[in-house]
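Asker: After the structure tokens below, expect a handful of questions from me.
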Amino acid sequence: MSDCIFCKIVAGEIPSYRLMEDEDMLAFMDIGPIRPGHALLIPKKHYERTVDMPGEEVARLMTHLPRLARAVVEATGADGYNVFQMNGACAGQVVPHVHFHIIPRHNGDGIKFGWPAARYGEGEMEKLGEKIRSRLL
């Protein structure tokens with residue numbers, strides 16, 4: 001896609017600090033890191049959301065995640081890490097190109113990600129679960 005910043009990075013039109021790459025994927029440093037060492041893993045082919053990607057392409061991309069996460073953790077001395085992937089603006093996706101964030105975390109780093117867990121009312125989970133199940137083709 002001609003106006004996608006990540007496609008421009010893949011094409012070499014915008015500079016990036018590349019960490020690893022092959023014919024299908026690219027990993028590079030995030031220029032607006034949440035923590036030092038924050039990296040991104042993307043497919044080179046443009047897809048806006050993971051549901052747009054064929055499953056085998058998602059699987060190939062994900063084979064690189066453990067190696068990249070391990071390298072980020074070891075290089076930063078992190079105690080743990082987050083992997084985030086958003087789909088759609090309402091979910092926090094800023095760049096409309098599939099990407100996975102690997103964010104190193106340190107005990108006491110002060111970063112909090114809220115998880116507003118809720119509960120289903122009587123029968124709601126089963127009803128919604130059936131709607132979802134019926135769409136798994």
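Ordering of the structure tokens sets the chain letters (A, B, ...), residue numbers begin anew at 1 in every chain, and ligands are numbered from 1 in the order given.
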Range 10-112 of chain A: which residues are strand (DSSP E or B) by DSSP, as a list in words?

Answerer: Arg18, Leu19, Met20, Glu21, Met25, Leu26, Ala27, Phe28, Met29, Ala39, Leu40, Leu41, Ile42, Pro43, Gly80, Tyr81, Asn82, Val83, Phe84, Phe100, His101, Ile102, Ile103, Pro104 and Arg105 of chain A

Asker: Can you check which parts of range 62-91 of chain A lie within 9 Å of range 31-44 of chain A? Per residue, the shortest pair of atoms and distance in Å to one decimal, counting only C-alpha atoms, sorted by chain and number, as a tab-separated table.

Answerer:
```
residue	atom	partner	partner_atom	distance
A:Met62	CA	A:Leu41	CA	9.0
A:His64	CA	A:Leu41	CA	8.3
A:Leu65	CA	A:Leu41	CA	7.5
A:Leu68	CA	A:Leu41	CA	8.4
A:Ala69	CA	A:Ala39	CA	8.6
A:Val72	CA	A:Gly37	CA	6.1
A:Val73	CA	A:Gly37	CA	8.3
A:Ala75	CA	A:Gly37	CA	7.9
A:Thr76	CA	A:Gly37	CA	6.5
```

Asker: Let's see if you can do this: from backbone DSSP, list all helix (DSSP H, G or I) residues in range 86-136 of chain A, as a PyMOL selection string.

Answerer: chain A and resi 89-91+124-134

Asker: May I have the residues from that selection written out with N, CA and C atoms, as a CSV table (one decimal), in the first residue's frame?

Answerer:
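That gives us again39.csv:
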```csv
chain,number,residue,atom,x,y,z
A,89,ALA,N,-8.7,0.8,14.8
A,89,ALA,CA,-8.4,2.0,15.6
A,89,ALA,C,-9.0,1.9,17.0
A,90,CYS,N,-10.2,1.4,17.1
A,90,CYS,CA,-10.9,1.3,18.4
A,90,CYS,C,-10.1,0.4,19.4
A,91,ALA,N,-9.3,-0.5,18.8
A,91,ALA,CA,-8.5,-1.4,19.6
A,91,ALA,C,-7.1,-0.8,19.9
A,124,GLU,N,-25.4,-15.3,29.5
A,124,GLU,CA,-24.8,-14.5,28.4
A,124,GLU,C,-23.6,-15.1,27.8
A,125,MET,N,-22.7,-15.7,28.5
A,125,MET,CA,-21.5,-16.3,28.0
A,125,MET,C,-21.9,-17.5,27.0
A,126,GLU,N,-22.8,-18.3,27.4
A,126,GLU,CA,-23.2,-19.4,26.5
A,126,GLU,C,-23.9,-18.9,25.2
A,127,LYS,N,-24.7,-17.9,25.4
A,127,LYS,CA,-25.4,-17.3,24.2
A,127,LYS,C,-24.4,-16.7,23.2
A,128,LEU,N,-23.5,-15.9,23.7
A,128,LEU,CA,-22.5,-15.3,22.8
A,128,LEU,C,-21.5,-16.4,22.3
A,129,GLY,N,-21.2,-17.3,23.2
A,129,GLY,CA,-20.3,-18.4,22.7
A,129,GLY,C,-20.9,-19.2,21.6
A,130,GLU,N,-22.2,-19.4,21.6
A,130,GLU,CA,-22.9,-20.1,20.5
A,130,GLU,C,-22.8,-19.3,19.2
A,131,LYS,N,-23.0,-18.0,19.3
A,131,LYS,CA,-22.9,-17.1,18.2
A,131,LYS,C,-21.5,-17.2,17.5
A,132,ILE,N,-20.5,-17.2,18.4
A,132,ILE,CA,-19.1,-17.2,17.9
A,132,ILE,C,-18.9,-18.6,17.3
A,133,ARG,N,-19.3,-19.7,18.0
A,133,ARG,CA,-19.0,-21.0,17.5
A,133,ARG,C,-19.7,-21.2,16.1
A,134,SER,N,-20.9,-20.7,15.9
A,134,SER,CA,-21.6,-20.9,14.7
A,134,SER,C,-20.9,-20.2,13.5
```

Asker: Which is closest to Pro66 in chain A among A:Ala78, A:Ser16, A:Val83, A:Gly88, if we use only C-alpha atoms?

Answerer: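 The closest residue to Pro66 in chain A is A:Val83.
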
Asker: Have a look at A:Asp30, A:Asp79, A:Glu122, A:Asp52 and name the one nearest to Ile9 in chain A; count only C-alpha atoms.

Answerer: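 Under the stated criterion, the closest residue is A:Asp30.
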
Asker: Need the shell around Gln93 in chain A: protein/DNA/RNA residues with any atom at most 12 Å away, counting only C-alpha atoms. Skip same-chain ones fewer than 5 positions apart. Format as a ChimeraX atom specification?

Answerer: /A:48-50,84-88,98-101

Asker: Could those selected residues go to a file with N, CA and C atoms, as a PDB file, in the first residue's frame?

Answerer:
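Below you can see selection_38.pdb, which holds the result:
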```pdb
ATOM      1  N   GLU A  48      -4.034  -5.198   6.794  1.00  0.00           N
ATOM      2  CA  GLU A  48      -4.430  -4.255   7.829  1.00  0.00           C
ATOM      3  C   GLU A  48      -4.671  -4.962   9.161  1.00  0.00           C
ATOM      4  N   ARG A  49      -5.326  -6.108   9.134  1.00  0.00           N
ATOM      5  CA  ARG A  49      -5.672  -6.843  10.354  1.00  0.00           C
ATOM      6  C   ARG A  49      -5.289  -8.305  10.205  1.00  0.00           C
ATOM      7  N   THR A  50      -5.101  -8.959  11.324  1.00  0.00           N
ATOM      8  CA  THR A  50      -4.713 -10.375  11.260  1.00  0.00           C
ATOM      9  C   THR A  50      -5.774 -11.221  10.566  1.00  0.00           C
ATOM     10  N   PHE A  84       2.001  -7.220  22.157  1.00  0.00           N
ATOM     11  CA  PHE A  84       0.715  -6.605  21.848  1.00  0.00           C
ATOM     12  C   PHE A  84       0.485  -6.624  20.349  1.00  0.00           C
ATOM     13  N   GLN A  85      -0.770  -6.813  19.975  1.00  0.00           N
ATOM     14  CA  GLN A  85      -1.167  -6.748  18.578  1.00  0.00           C
ATOM     15  C   GLN A  85      -2.588  -6.228  18.558  1.00  0.00           C
ATOM     16  N   MET A  86      -2.796  -5.106  17.902  1.00  0.00           N
ATOM     17  CA  MET A  86      -4.107  -4.474  17.876  1.00  0.00           C
ATOM     18  C   MET A  86      -4.705  -4.559  16.470  1.00  0.00           C
ATOM     19  N   ASN A  87      -6.032  -4.607  16.391  1.00  0.00           N
ATOM     20  CA  ASN A  87      -6.740  -4.687  15.118  1.00  0.00           C
ATOM     21  C   ASN A  87      -7.855  -3.652  15.101  1.00  0.00           C
ATOM     22  N   GLY A  88      -7.655  -2.586  14.343  1.00  0.00           N
ATOM     23  CA  GLY A  88      -8.640  -1.510  14.249  1.00  0.00           C
ATOM     24  C   GLY A  88      -8.332  -0.372  15.205  1.00  0.00           C
ATOM     25  N   VAL A  98      -0.566  -4.940   9.894  1.00  0.00           N
ATOM     26  CA  VAL A  98      -0.377  -5.901  10.980  1.00  0.00           C
ATOM     27  C   VAL A  98       1.017  -5.739  11.576  1.00  0.00           C
ATOM     28  N   HIS A  99       1.075  -5.633  12.897  1.00  0.00           N
ATOM     29  CA  HIS A  99       2.361  -5.566  13.579  1.00  0.00           C
ATOM     30  C   HIS A  99       2.212  -6.041  15.017  1.00  0.00           C
ATOM     31  N   PHE A 100       3.258  -6.650  15.497  1.00  0.00           N
ATOM     32  CA  PHE A 100       3.328  -7.141  16.866  1.00  0.00           C
ATOM     33  C   PHE A 100       4.386  -6.342  17.600  1.00  0.00           C
ATOM     34  N   HIS A 101       4.015  -5.820  18.759  1.00  0.00           N
ATOM     35  CA  HIS A 101       4.935  -5.080  19.621  1.00  0.00           C
ATOM     36  C   HIS A 101       5.565  -6.062  20.597  1.00  0.00           C
TER      37      HIS A 101
END
```
